[in-house]
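Visitor: What follows is target.cif, mmCIF, C-alpha atoms.
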data_data
#
loop_
_atom_site.group_PDB
_atom_site.id
_atom_site.type_symbol
_atom_site.label_atom_id
_atom_site.label_comp_id
_atom_site.auth_asym_id
_atom_site.auth_seq_id
_atom_site.Cartn_x
_atom_site.Cartn_y
_atom_site.Cartn_z
ATOM 1 C CA MET A 4 91.632 102.710 130.468
ATOM 2 C CA ILE A 5 93.058 99.204 130.313
ATOM 3 C CA GLN A 6 94.342 97.758 127.062
ATOM 4 C CA ILE A 7 93.559 94.193 126.048
ATOM 5 C CA GLU A 8 96.293 91.592 125.502
ATOM 6 C CA ALA A 9 96.280 88.417 123.429
ATOM 7 C CA LEU A 10 95.860 85.257 125.511
ATOM 8 C CA THR A 11 98.981 83.103 125.329
ATOM 9 C CA ARG A 12 100.343 80.429 127.642
ATOM 10 C CA ALA A 13 103.440 82.513 128.371
ATOM 11 C CA ALA A 14 101.536 85.697 129.238
ATOM 12 C CA PHE A 15 98.971 83.829 131.347
ATOM 13 C CA ALA A 16 101.442 81.559 133.186
ATOM 14 C CA PRO A 17 101.418 83.623 136.427
ATOM 15 C CA PHE A 18 97.633 83.111 136.674
ATOM 16 C CA GLY A 19 97.116 79.506 135.546
ATOM 17 C CA ASP A 20 96.715 77.461 132.381
ATOM 18 C CA VAL A 21 95.448 78.219 128.884
ATOM 19 C CA ILE A 22 93.391 75.242 127.663
ATOM 20 C CA GLU A 23 93.825 74.960 123.894
ATOM 21 C CA THR A 24 95.057 72.499 121.280
ATOM 22 C CA GLU A 25 97.436 75.091 119.779
ATOM 23 C CA GLY A 26 100.953 74.264 120.905
ATOM 24 C CA ALA A 27 99.833 71.409 123.169
ATOM 25 C CA ALA A 28 101.382 67.935 123.326
ATOM 26 C CA HIS A 29 99.131 65.346 121.697
ATOM 27 C CA TYR A 30 99.075 61.722 120.598
ATOM 28 C CA PRO A 31 96.729 59.393 118.699
ATOM 29 C CA ILE A 32 94.248 57.150 120.544
ATOM 30 C CA ASN A 33 91.113 55.163 119.645
ATOM 31 C CA GLN A 34 92.650 53.208 116.749
ATOM 32 C CA GLY A 35 94.055 56.420 115.333
ATOM 33 C CA THR A 36 90.672 58.139 114.946
ATOM 34 C CA THR A 37 91.281 60.641 117.762
ATOM 35 C CA GLN A 38 94.068 62.979 118.858
ATOM 36 C CA ARG A 39 94.384 63.477 122.611
ATOM 37 C CA TYR A 40 95.727 66.901 123.685
ATOM 38 C CA HIS A 41 96.688 65.689 127.098
ATOM 39 C CA ASP A 42 96.533 67.165 130.593
ATOM 40 C CA LEU A 43 96.051 70.863 129.863
ATOM 41 C CA ALA A 44 95.098 72.144 133.342
ATOM 42 C CA ARG A 45 96.351 71.596 136.866
ATOM 43 C CA VAL A 46 93.139 70.731 138.717
ATOM 44 C CA VAL A 47 93.149 71.367 142.487
ATOM 45 C CA ALA A 48 90.365 70.581 144.964
ATOM 46 C CA ALA A 49 91.896 71.076 148.406
ATOM 47 C CA GLY A 50 90.395 71.609 151.861
ATOM 48 C CA GLU A 51 87.876 69.599 153.828
ATOM 49 C CA ASN A 52 85.865 67.243 151.617
ATOM 50 C CA GLY A 53 87.315 68.922 148.555
ATOM 51 C CA ARG A 54 86.140 67.368 145.288
ATOM 52 C CA VAL A 55 86.122 68.266 141.619
ATOM 53 C CA LEU A 56 82.871 69.565 140.114
ATOM 54 C CA VAL A 57 81.783 69.697 136.482
ATOM 55 C CA SER A 58 79.146 72.365 135.802
ATOM 56 C CA LEU A 59 77.697 74.351 132.909
ATOM 57 C CA PHE A 60 77.470 78.163 133.035
ATOM 58 C CA VAL A 61 75.261 80.265 130.765
ATOM 59 C CA ALA A 62 76.377 83.905 130.764
ATOM 60 C CA GLU A 63 74.892 87.121 129.386
ATOM 61 C CA PRO A 64 76.857 90.164 128.151
ATOM 62 C CA ARG A 65 77.400 93.008 130.614
ATOM 63 C CA PRO A 66 76.494 96.658 129.928
ATOM 64 C CA GLN A 67 78.983 98.715 127.933
ATOM 65 C CA PRO A 68 81.200 100.616 128.419
ATOM 66 C CA LEU A 69 82.591 97.690 130.331
ATOM 67 C CA THR A 70 83.876 98.538 133.789
ATOM 68 C CA ILE A 71 85.738 96.373 136.289
ATOM 69 C CA SER A 72 85.053 97.145 139.957
ATOM 70 C CA MET A 73 85.834 93.884 141.751
ATOM 71 C CA LEU A 74 87.899 90.708 141.646
ATOM 72 C CA GLU A 75 87.381 87.387 143.377
ATOM 73 C CA ARG A 76 89.482 84.334 144.142
ATOM 74 C CA HIS A 77 89.119 80.744 145.276
ATOM 75 C CA PRO A 78 91.858 79.836 147.768
ATOM 76 C CA LEU A 79 91.015 76.124 147.983
ATOM 77 C CA GLY A 80 90.707 75.172 144.336
ATOM 78 C CA SER A 81 91.396 75.801 140.692
ATOM 79 C CA GLN A 82 88.604 76.928 138.361
ATOM 80 C CA ALA A 83 88.584 76.111 134.645
ATOM 81 C CA PHE A 84 86.334 77.695 132.000
ATOM 82 C CA TYR A 85 86.016 76.377 128.467
ATOM 83 C CA PRO A 86 83.731 78.135 125.913
ATOM 84 C CA LEU A 87 81.085 76.052 124.129
ATOM 85 C CA GLN A 88 80.648 78.432 121.192
ATOM 86 C CA ASP A 89 83.239 79.854 118.836
ATOM 87 C CA GLU A 90 82.995 83.418 120.182
ATOM 88 C CA GLU A 91 85.626 85.634 121.784
ATOM 89 C CA TRP A 92 85.389 86.392 125.513
ATOM 90 C CA LEU A 93 87.463 88.318 128.041
ATOM 91 C CA VAL A 94 89.684 87.026 130.830
ATOM 92 C CA VAL A 95 90.404 89.593 133.568
ATOM 93 C CA VAL A 96 92.920 88.786 136.286
ATOM 94 C CA GLY A 97 95.042 90.695 138.770
ATOM 95 C CA THR A 98 98.315 90.169 140.581
ATOM 96 C CA SER A 99 96.412 91.806 143.454
ATOM 97 C CA PRO A 100 92.788 92.946 143.834
ATOM 98 C CA SER A 101 93.387 96.529 142.744
ATOM 99 C CA PRO A 102 92.837 98.579 139.562
ATOM 100 C CA GLN A 103 96.573 99.037 139.035
ATOM 101 C CA ALA A 104 97.186 95.280 139.040
ATOM 102 C CA LEU A 105 94.616 94.322 136.380
ATOM 103 C CA ARG A 106 95.469 92.360 133.238
ATOM 104 C CA VAL A 107 92.873 91.797 130.523
ATOM 105 C CA PHE A 108 93.215 89.020 127.928
ATOM 106 C CA ARG A 109 91.155 88.426 124.804
ATOM 107 C CA ALA A 110 90.355 84.693 124.572
ATOM 108 C CA SER A 111 89.159 83.074 121.371
ATOM 109 C CA GLY A 112 86.226 80.678 121.230
ATOM 110 C CA ARG A 113 88.765 77.850 121.220
ATOM 111 C CA GLN A 114 90.677 78.945 124.300
ATOM 112 C CA GLY A 115 89.747 78.090 127.862
ATOM 113 C CA VAL A 116 91.563 79.076 131.030
ATOM 114 C CA ASN A 117 92.180 77.414 134.366
ATOM 115 C CA TYR A 118 92.707 79.867 137.228
ATOM 116 C CA ALA A 119 95.259 78.529 139.710
ATOM 117 C CA PRO A 120 94.071 78.435 143.347
ATOM 118 C CA GLY A 121 94.155 81.927 144.860
ATOM 119 C CA THR A 122 94.315 83.759 141.505
ATOM 120 C CA TRP A 123 92.398 87.050 141.530
ATOM 121 C CA HIS A 124 89.993 87.103 138.591
ATOM 122 C CA HIS A 125 86.767 88.676 137.392
ATOM 123 C CA PRO A 126 83.584 86.656 136.836
ATOM 124 C CA LEU A 127 82.740 85.736 133.223
ATOM 125 C CA ILE A 128 82.730 88.506 130.619
ATOM 126 C CA VAL A 129 81.130 87.552 127.308
ATOM 127 C CA PHE A 130 79.871 89.361 124.219
ATOM 128 C CA ALA A 131 77.401 86.827 122.769
ATOM 129 C CA PRO A 132 73.995 86.310 124.417
ATOM 130 C CA ALA A 133 73.559 83.007 126.317
ATOM 131 C CA SER A 134 77.256 82.158 126.125
ATOM 132 C CA ARG A 135 77.812 78.646 127.443
ATOM 133 C CA PHE A 136 80.895 77.374 129.296
ATOM 134 C CA LEU A 137 81.947 74.061 130.766
ATOM 135 C CA VAL A 138 83.404 74.723 134.220
ATOM 136 C CA VAL A 139 85.657 72.454 136.278
ATOM 137 C CA ASP A 140 86.055 73.728 139.818
ATOM 138 C CA ARG A 141 85.979 72.730 143.473
ATOM 139 C CA GLY A 142 83.214 71.720 145.848
ATOM 140 C CA GLY A 143 83.505 70.869 149.523
ATOM 141 C CA ASP A 144 83.474 72.485 152.935
ATOM 142 C CA GLY A 145 85.279 75.628 154.021
ATOM 143 C CA VAL A 146 85.384 79.167 152.631
ATOM 144 C CA ASN A 147 86.484 79.098 148.997
ATOM 145 C CA LEU A 148 85.460 82.605 147.903
ATOM 146 C CA GLU A 149 87.020 85.999 148.608
ATOM 147 C CA GLU A 150 85.818 89.186 146.897
ATOM 148 C CA VAL A 151 87.341 92.673 146.876
ATOM 149 C CA ALA A 152 85.609 95.755 145.452
ATOM 150 C CA PHE A 153 87.385 98.878 144.157
ATOM 151 C CA GLU A 154 86.809 102.026 142.096
ATOM 152 C CA PRO A 155 85.521 101.144 138.600
ATOM 153 C CA VAL A 156 88.029 100.978 135.736
ATOM 154 C CA THR A 157 86.927 101.087 132.094
ATOM 155 C CA ILE A 158 88.185 98.542 129.574
ATOM 156 C CA ALA A 159 88.825 99.656 125.999
ATOM 157 C CA ILE A 160 86.605 97.365 123.908
ATOM 158 C CA SER A 161 87.082 97.189 120.155
ATOM 159 C CA GLN A 162 84.192 98.060 117.796
ATOM 160 C CA ARG A 163 83.345 94.473 116.975
ATOM 161 C CA HIS A 164 82.417 93.783 120.580
ATOM 162 C CA THR A 165 79.942 96.604 121.007
ATOM 163 C CA ARG A 166 76.915 94.682 119.771
ATOM 164 C CA ALA A 167 75.696 93.759 123.277
ATOM 165 C CA MET B 25 71.468 45.342 114.159
ATOM 166 C CA ILE B 26 71.288 47.600 117.196
ATOM 167 C CA GLN B 27 68.702 50.355 117.410
ATOM 168 C CA ILE B 28 69.613 53.799 118.713
ATOM 169 C CA GLU B 29 67.965 55.293 121.812
ATOM 170 C CA ALA B 30 67.555 58.912 122.869
ATOM 171 C CA LEU B 31 70.019 59.991 125.559
ATOM 172 C CA THR B 32 68.210 60.819 128.802
ATOM 173 C CA ARG B 33 69.392 60.914 132.407
ATOM 174 C CA ALA B 34 67.008 58.109 133.343
ATOM 175 C CA ALA B 35 68.074 55.774 130.529
ATOM 176 C CA PHE B 36 71.775 56.485 131.074
ATOM 177 C CA ALA B 37 71.731 56.287 134.884
ATOM 178 C CA PRO B 38 73.220 52.736 135.046
ATOM 179 C CA PHE B 39 76.269 53.984 133.135
ATOM 180 C CA GLY B 40 76.933 57.448 134.577
ATOM 181 C CA ASP B 41 75.800 61.042 134.183
ATOM 182 C CA VAL B 42 74.339 63.065 131.322
ATOM 183 C CA ILE B 43 75.902 66.554 131.361
ATOM 184 C CA GLU B 44 73.305 69.036 130.086
ATOM 185 C CA THR B 45 71.442 72.121 131.228
ATOM 186 C CA GLU B 46 68.059 70.555 130.383
ATOM 187 C CA GLY B 47 66.397 69.485 133.615
ATOM 188 C CA ALA B 48 69.414 70.428 135.769
ATOM 189 C CA ALA B 49 69.312 72.417 138.999
ATOM 190 C CA HIS B 50 70.649 75.952 138.491
ATOM 191 C CA TYR B 51 70.997 79.275 140.266
ATOM 192 C CA PRO B 52 72.178 82.801 139.411
ATOM 193 C CA ILE B 53 75.753 83.937 140.140
ATOM 194 C CA ASN B 54 78.033 86.795 139.024
ATOM 195 C CA GLN B 55 75.634 89.636 139.889
ATOM 196 C CA GLY B 56 72.840 87.825 138.093
ATOM 197 C CA THR B 57 74.616 87.741 134.711
ATOM 198 C CA THR B 58 75.245 83.976 134.793
ATOM 199 C CA GLN B 59 73.247 80.831 135.552
ATOM 200 C CA ARG B 60 75.221 78.000 137.149
ATOM 201 C CA TYR B 61 73.968 74.483 136.301
ATOM 202 C CA HIS B 62 75.731 72.928 139.221
ATOM 203 C CA ASP B 63 77.625 69.690 139.786
ATOM 204 C CA LEU B 64 76.510 67.614 136.800
ATOM 205 C CA ALA B 65 79.032 64.739 136.989
ATOM 206 C CA ARG B 66 80.469 62.545 139.724
ATOM 207 C CA VAL B 67 84.209 62.862 139.114
ATOM 208 C CA VAL B 68 86.385 60.014 140.449
ATOM 209 C CA ALA B 69 90.187 59.763 140.335
ATOM 210 C CA ALA B 70 91.079 56.817 142.554
ATOM 211 C CA GLY B 71 94.166 54.638 142.866
ATOM 212 C CA GLU B 72 97.800 55.525 143.465
ATOM 213 C CA ASN B 73 98.537 59.177 142.688
ATOM 214 C CA GLY B 74 95.102 59.514 141.136
ATOM 215 C CA ARG B 75 94.365 63.036 139.899
ATOM 216 C CA VAL B 76 91.834 64.726 137.631
ATOM 217 C CA LEU B 77 92.926 65.616 134.100
ATOM 218 C CA VAL B 78 91.417 68.129 131.685
ATOM 219 C CA SER B 79 92.207 67.344 128.038
ATOM 220 C CA LEU B 80 90.922 68.140 124.543
ATOM 221 C CA PHE B 81 90.128 65.353 122.051
ATOM 222 C CA VAL B 82 89.762 65.879 118.297
ATOM 223 C CA ALA B 83 87.958 62.939 116.678
ATOM 224 C CA GLU B 84 87.308 61.889 113.070
ATOM 225 C CA PRO B 85 84.275 59.936 111.811
ATOM 226 C CA ARG B 86 84.643 56.164 111.468
ATOM 227 C CA PRO B 87 83.885 54.208 108.284
ATOM 228 C CA GLN B 88 80.258 53.299 107.626
ATOM 229 C CA PRO B 89 78.420 51.006 108.012
ATOM 230 C CA LEU B 90 79.390 51.526 111.621
ATOM 231 C CA THR B 91 80.370 48.362 113.459
ATOM 232 C CA ILE B 92 81.153 47.837 117.126
ATOM 233 C CA SER B 93 83.737 45.143 117.879
ATOM 234 C CA MET B 94 85.183 46.164 121.250
ATOM 235 C CA LEU B 95 84.455 47.966 124.502
ATOM 236 C CA GLU B 96 86.814 49.411 127.085
ATOM 237 C CA ARG B 97 86.579 50.569 130.676
ATOM 238 C CA HIS B 98 88.520 52.552 133.253
ATOM 239 C CA PRO B 99 88.306 50.883 136.684
ATOM 240 C CA LEU B 100 90.069 53.674 138.609
ATOM 241 C CA GLY B 101 88.286 56.752 137.348
ATOM 242 C CA SER B 102 85.334 58.424 135.709
ATOM 243 C CA GLN B 103 85.626 59.851 132.194
ATOM 244 C CA ALA B 104 83.542 62.806 131.000
ATOM 245 C CA PHE B 105 83.110 63.940 127.391
ATOM 246 C CA TYR B 106 81.488 67.224 126.407
ATOM 247 C CA PRO B 107 81.105 68.205 122.711
ATOM 248 C CA LEU B 108 82.507 71.564 121.562
ATOM 249 C CA GLN B 109 80.335 71.817 118.439
ATOM 250 C CA ASP B 110 76.596 71.575 118.073
ATOM 251 C CA GLU B 111 76.629 68.212 116.266
ATOM 252 C CA GLU B 112 75.113 64.874 117.243
ATOM 253 C CA TRP B 113 77.390 62.017 118.313
ATOM 254 C CA LEU B 114 76.928 58.455 119.536
ATOM 255 C CA VAL B 115 77.396 57.009 123.015
ATOM 256 C CA VAL B 116 77.877 53.232 123.080
ATOM 257 C CA VAL B 117 77.944 51.394 126.408
ATOM 258 C CA GLY B 118 77.422 47.861 127.660
ATOM 259 C CA THR B 119 76.302 46.220 130.865
ATOM 260 C CA SER B 120 79.041 43.733 129.956
ATOM 261 C CA PRO B 121 81.631 43.629 127.126
ATOM 262 C CA SER B 122 79.523 41.560 124.747
ATOM 263 C CA PRO B 123 77.395 42.244 121.644
ATOM 264 C CA GLN B 124 74.197 41.232 123.452
ATOM 265 C CA ALA B 125 74.771 43.794 126.216
ATOM 266 C CA LEU B 126 75.263 46.869 124.009
ATOM 267 C CA ARG B 127 73.208 50.062 124.338
ATOM 268 C CA VAL B 128 73.559 52.896 121.836
ATOM 269 C CA PHE B 129 72.447 56.457 122.621
ATOM 270 C CA ARG B 130 72.170 59.423 120.289
ATOM 271 C CA ALA B 131 73.631 62.496 122.056
ATOM 272 C CA SER B 132 72.947 66.032 120.871
ATOM 273 C CA GLY B 133 75.664 68.655 120.506
ATOM 274 C CA ARG B 134 74.551 70.017 123.867
ATOM 275 C CA GLN B 135 74.784 66.736 125.774
ATOM 276 C CA GLY B 136 77.917 65.362 127.375
ATOM 277 C CA VAL B 137 78.295 62.144 129.319
ATOM 278 C CA ASN B 138 80.381 61.051 132.286
ATOM 279 C CA TYR B 139 81.108 57.320 132.367
ATOM 280 C CA ALA B 140 81.156 56.020 135.935
ATOM 281 C CA PRO B 141 84.312 54.104 136.917
ATOM 282 C CA GLY B 142 84.243 50.597 135.452
ATOM 283 C CA THR B 143 81.542 51.347 132.859
ATOM 284 C CA TRP B 144 82.063 49.465 129.591
ATOM 285 C CA HIS B 145 81.981 51.954 126.713
ATOM 286 C CA HIS B 146 83.175 52.441 123.153
ATOM 287 C CA PRO B 147 85.713 55.128 122.196
ATOM 288 C CA LEU B 148 84.336 58.324 120.606
ATOM 289 C CA ILE B 149 81.960 57.974 117.657
ATOM 290 C CA VAL B 150 81.327 61.204 115.748
ATOM 291 C CA PHE B 151 79.830 62.193 112.394
ATOM 292 C CA ALA B 152 81.420 65.623 111.799
ATOM 293 C CA PRO B 153 85.086 65.879 110.769
ATOM 294 C CA ALA B 154 87.485 67.182 113.444
ATOM 295 C CA SER B 155 84.884 66.913 116.216
ATOM 296 C CA ARG B 156 86.262 68.466 119.396
ATOM 297 C CA PHE B 157 85.505 67.373 122.967
ATOM 298 C CA LEU B 158 86.544 68.547 126.405
ATOM 299 C CA VAL B 159 87.448 65.479 128.461
ATOM 300 C CA VAL B 160 87.702 65.206 132.249
ATOM 301 C CA ASP B 161 89.279 61.930 133.306
ATOM 302 C CA ARG B 162 91.884 60.353 135.554
ATOM 303 C CA GLY B 163 95.664 60.329 135.555
ATOM 304 C CA GLY B 164 97.980 58.528 137.966
ATOM 305 C CA ASP B 165 99.671 55.190 138.474
ATOM 306 C CA GLY B 166 98.162 51.733 138.108
ATOM 307 C CA VAL B 167 96.268 50.029 135.287
ATOM 308 C CA ASN B 168 93.210 52.105 134.352
ATOM 309 C CA LEU B 169 92.331 50.529 130.998
ATOM 310 C CA GLU B 170 90.710 47.198 130.128
ATOM 311 C CA GLU B 171 89.664 46.301 126.578
ATOM 312 C CA VAL B 172 87.583 43.382 125.306
ATOM 313 C CA ALA B 173 87.127 42.518 121.605
ATOM 314 C CA PHE B 174 84.168 40.595 120.161
ATOM 315 C CA GLU B 175 82.450 39.776 116.879
ATOM 316 C CA PRO B 176 81.455 42.987 115.041
ATOM 317 C CA VAL B 177 77.872 44.236 115.385
ATOM 318 C CA THR B 178 76.382 46.767 112.961
ATOM 319 C CA ILE B 179 74.591 49.872 114.210
ATOM 320 C CA ALA B 180 71.581 51.144 112.269
ATOM 321 C CA ILE B 181 72.525 54.727 111.381
ATOM 322 C CA SER B 182 69.866 57.101 110.049
ATOM 323 C CA GLN B 183 70.281 58.741 106.625
ATOM 324 C CA ARG B 184 71.376 62.087 108.013
ATOM 325 C CA HIS B 185 74.499 60.541 109.495
ATOM 326 C CA THR B 186 75.787 58.876 106.352
ATOM 327 C CA ARG B 187 77.789 61.840 105.101
ATOM 328 C CA ALA B 188 81.101 60.625 106.560
#
Represent the structure from my file as structure tokens, please.
Guide:
Amino acid sequence: MIQIEALTRAAFAPFGDVIETEGAAHYPINQGTTQRYHDLARVVAAGENGRVLVSLFVAEPRPQPLTISMLERHPLGSQAFYPLQDEEWLVVVGTSPSPQALRVFRASGRQGVNYAPGTWHHPLIVFAPASRFLVVDRGGDGVNLEEVAFEPVTIAISQRHTRA
Amino acid sequence: MIQIEALTRAAFAPFGDVIETEGAAHYPINQGTTQRYHDLARVVAAGENGRVLVSLFVAEPRPQPLTISMLERHPLGSQAFYPLQDEEWLVVVGTSPSPQALRVFRASGRQGVNYAPGTWHHPLIVFAPASRFLVVDRGGDGVNLEEVAFEPVTIAISQRHTRA
């Protein structure tokens, strides 16, 4: 049973960036009508014909109890997810693709993440139906996906996330 | 007095991309739990040390009646805006930086835009306080901002947007 951690920049630093206004450098633009929280993710699109993609994902909740039985990674590029509704979601990463190496973070509806290239992570885990995300990742040639399966591990979900 | 148009891919094509799920190609990923609406914006980060930035903007409404008296453009890169609340906002562009060349589009809270490099556009115009946007644009060296001022033009705003 894996416990869930709060998502903070410090805790997530080994895996990539937390995209949030909280604690971020910012400055006024547009005649003072707008604050720019600047440059929150290191975007990488390496490899042959590598380019940056902007996409929208619409995700459905997974069955509960929630189990993790695989991780994936993208060696040639970063991958950023930003939620488009104010609902919590889960970020699952690993220092290696094994049950013992898993870390699970609870992200708020105002926190996105950017997985650094090569970071082992689980595909989207959401609690609200039709959860929408803006995604910034890499297109191009070459193999940019590795997946590893392992014995399922259960994640301890709090009561308020059992509605799915 | 400029009239407001609906934001559609066809109408906006001379200026860049509309980022929305509506009418976009998509396919299932993540064991069928997620739909990916793929590659919705042509991201450009040209020039010396050009790189792609991910930032958050928080914008306040402007005084009404709303007047437009300048446009700007970014010759070295694209600039994408996606709203993080389900509230309408305005997209103002021009085929040239002059009052006669203005086009004004009403975007929904589920429509983003990506200005193509060199597209004349107005900074963010929102109606809800503290409107948040995810922005994908260009960092690097060189001059990536041009601004042109002109005589103010009033935009005809509908009643429901006069709360600011």
Visitor: Run the PyMOL selection byres ((chain B and resi 89) around 9) mentally over the shown coordinates, then write out the matched residues as a list in words, using the chain letters and numbers from the document.
Guide: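 This file, filtered by the PyMOL selection byres ((chain B and resi 89) around 9), leaves Arg86, Pro87, Gln88, Leu90, Thr91, Thr178, Ile179, Ala180, Ile181 and Thr186 of chain B.
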Visitor: Grab the residues selected above and save them as a PDB file, in the frame of the given file with C-alpha atoms.
Guide:
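Output file out_18.pdb is given in full below:
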ATOM      1  CA  ARG B  86      84.643  56.164 111.468  1.00  0.00           C
ATOM      2  CA  PRO B  87      83.885  54.208 108.284  1.00  0.00           C
ATOM      3  CA  GLN B  88      80.258  53.299 107.626  1.00  0.00           C
ATOM      4  CA  LEU B  90      79.390  51.526 111.621  1.00  0.00           C
ATOM      5  CA  THR B  91      80.370  48.362 113.459  1.00  0.00           C
ATOM      6  CA  THR B 178      76.382  46.767 112.961  1.00  0.00           C
ATOM      7  CA  ILE B 179      74.591  49.872 114.210  1.00  0.00           C
ATOM      8  CA  ALA B 180      71.581  51.144 112.269  1.00  0.00           C
ATOM      9  CA  ILE B 181      72.525  54.727 111.381  1.00  0.00           C
ATOM     10  CA  THR B 186      75.787  58.876 106.352  1.00  0.00           C
TER      11      THR B 186
END
Visitor: Near chain B, which residues of chain A fall within 6 Å when you count only C-alpha atoms, and what do they look like as a compact mmCIF listing (two decimals) with C-alpha atoms, keeping the file's coordinate frame?
Guide:
# COMPACT_ATOMS: atom_id res chain seq x y z
CA ASN A 33 91.11 55.16 119.64
CA THR A 36 90.67 58.14 114.95
CA THR A 37 91.28 60.64 117.76
CA GLN A 38 94.07 62.98 118.86
CA ARG A 39 94.38 63.48 122.61
CA TYR A 40 95.73 66.90 123.68
CA HIS A 41 96.69 65.69 127.10
CA ASP A 42 96.53 67.17 130.59
CA LEU A 43 96.05 70.86 129.86
CA ALA A 44 95.10 72.14 133.34
CA LEU A 56 82.87 69.56 140.11
CA VAL A 57 81.78 69.70 136.48
CA SER A 58 79.15 72.36 135.80
CA LEU A 59 77.70 74.35 132.91
CA PHE A 60 77.47 78.16 133.04
CA VAL A 61 75.26 80.26 130.76
CA ALA A 62 76.38 83.90 130.76
CA GLU A 63 74.89 87.12 129.39
CA LEU A 87 81.08 76.05 124.13
CA PRO A 126 83.58 86.66 136.84
Visitor: Using the chain letters and numbers from the file, which residues does the PyMOL selection byres ((chain B and resi 39) around 9) grab, as a list in words?
Guide: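 What the PyMOL selection byres ((chain B and resi 39) around 9) grabs from the file is Ala35, Phe36, Ala37, Pro38, Gly40, Asp41, Val117, Gly118, Thr119, Asn138, Tyr139, Ala140, Pro141, Gly142, Thr143, Trp144 and His145 of chain B.
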Visitor: Could you list as a list in words every residue that has an atom within 8 Å of (86.7, 73.4, 152.8), using the file's coordinates and counting all atoms listed in the file?
Guide: Ala49, Gly50, Glu51, Asn52, Gly53, Leu79, Gly142, Gly143, Asp144, Gly145, Val146 and Asn147 of chain A
Visitor: Please save C-alpha atoms of the selected residues as a PDB file, in the frame of the given file.
Guide:
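Output contents, as saved in selection_32.pdb:
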ATOM      1  CA  ALA A  49      91.896  71.076 148.406  1.00  0.00           C
ATOM      2  CA  GLY A  50      90.395  71.609 151.861  1.00  0.00           C
ATOM      3  CA  GLU A  51      87.876  69.599 153.828  1.00  0.00           C
ATOM      4  CA  ASN A  52      85.865  67.243 151.617  1.00  0.00           C
ATOM      5  CA  GLY A  53      87.315  68.922 148.555  1.00  0.00           C
ATOM      6  CA  LEU A  79      91.015  76.124 147.983  1.00  0.00           C
ATOM      7  CA  GLY A 142      83.214  71.720 145.848  1.00  0.00           C
ATOM      8  CA  GLY A 143      83.505  70.869 149.523  1.00  0.00           C
ATOM      9  CA  ASP A 144      83.474  72.485 152.935  1.00  0.00           C
ATOM     10  CA  GLY A 145      85.279  75.628 154.021  1.00  0.00           C
ATOM     11  CA  VAL A 146      85.384  79.167 152.631  1.00  0.00           C
ATOM     12  CA  ASN A 147      86.484  79.098 148.997  1.00  0.00           C
TER      13      ASN A 147
END
Visitor: Evaluated on this file, the PyMOL selection byres ((chain B and resi 95) around 9) picks out some residues - which ones are they, written as a list in words?
Guide: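 Written out, the selection comes to Ile92, Ser93, Met94, Glu96, Arg97, Val116, Val117, Gly118, Ser120, Pro121, Ser122, Trp144, His145, His146, Pro147, Glu170, Glu171, Val172, Ala173 and Phe174 of chain B.
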Visitor: For a test of reading the model, state the distance in Å between CA of Ala152 in chain B and CA of Arg12 in chain A, rounded to one decimal.
Guide: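 These two atoms are separated by 28.8 Å.
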Visitor: To one decimal in Å, tell me the separation between CA of Leu126 in chain B and CA of Ala34 in chain B.
Guide: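 Taking CA of Leu126 in chain B as the start and CA of Ala34 in chain B as the end point, the length is 16.8 Å.
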Visitor: Counting all atoms listed in the file, which of A:Ile5, A:Val156, A:Ala28, A:Leu93 gets nearest to Ser111 in chain A?
Guide: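 Between A:Ile5, A:Val156, A:Ala28, A:Leu93, the residue approaching Ser111 in chain A most closely is A:Leu93.
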Visitor: Just to confirm, what's the straight-line distance from CA of Arg130 in chain B to CA of Glu111 in chain B in Å (one decimal)?
Guide: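 It comes out at 10.6 Å.
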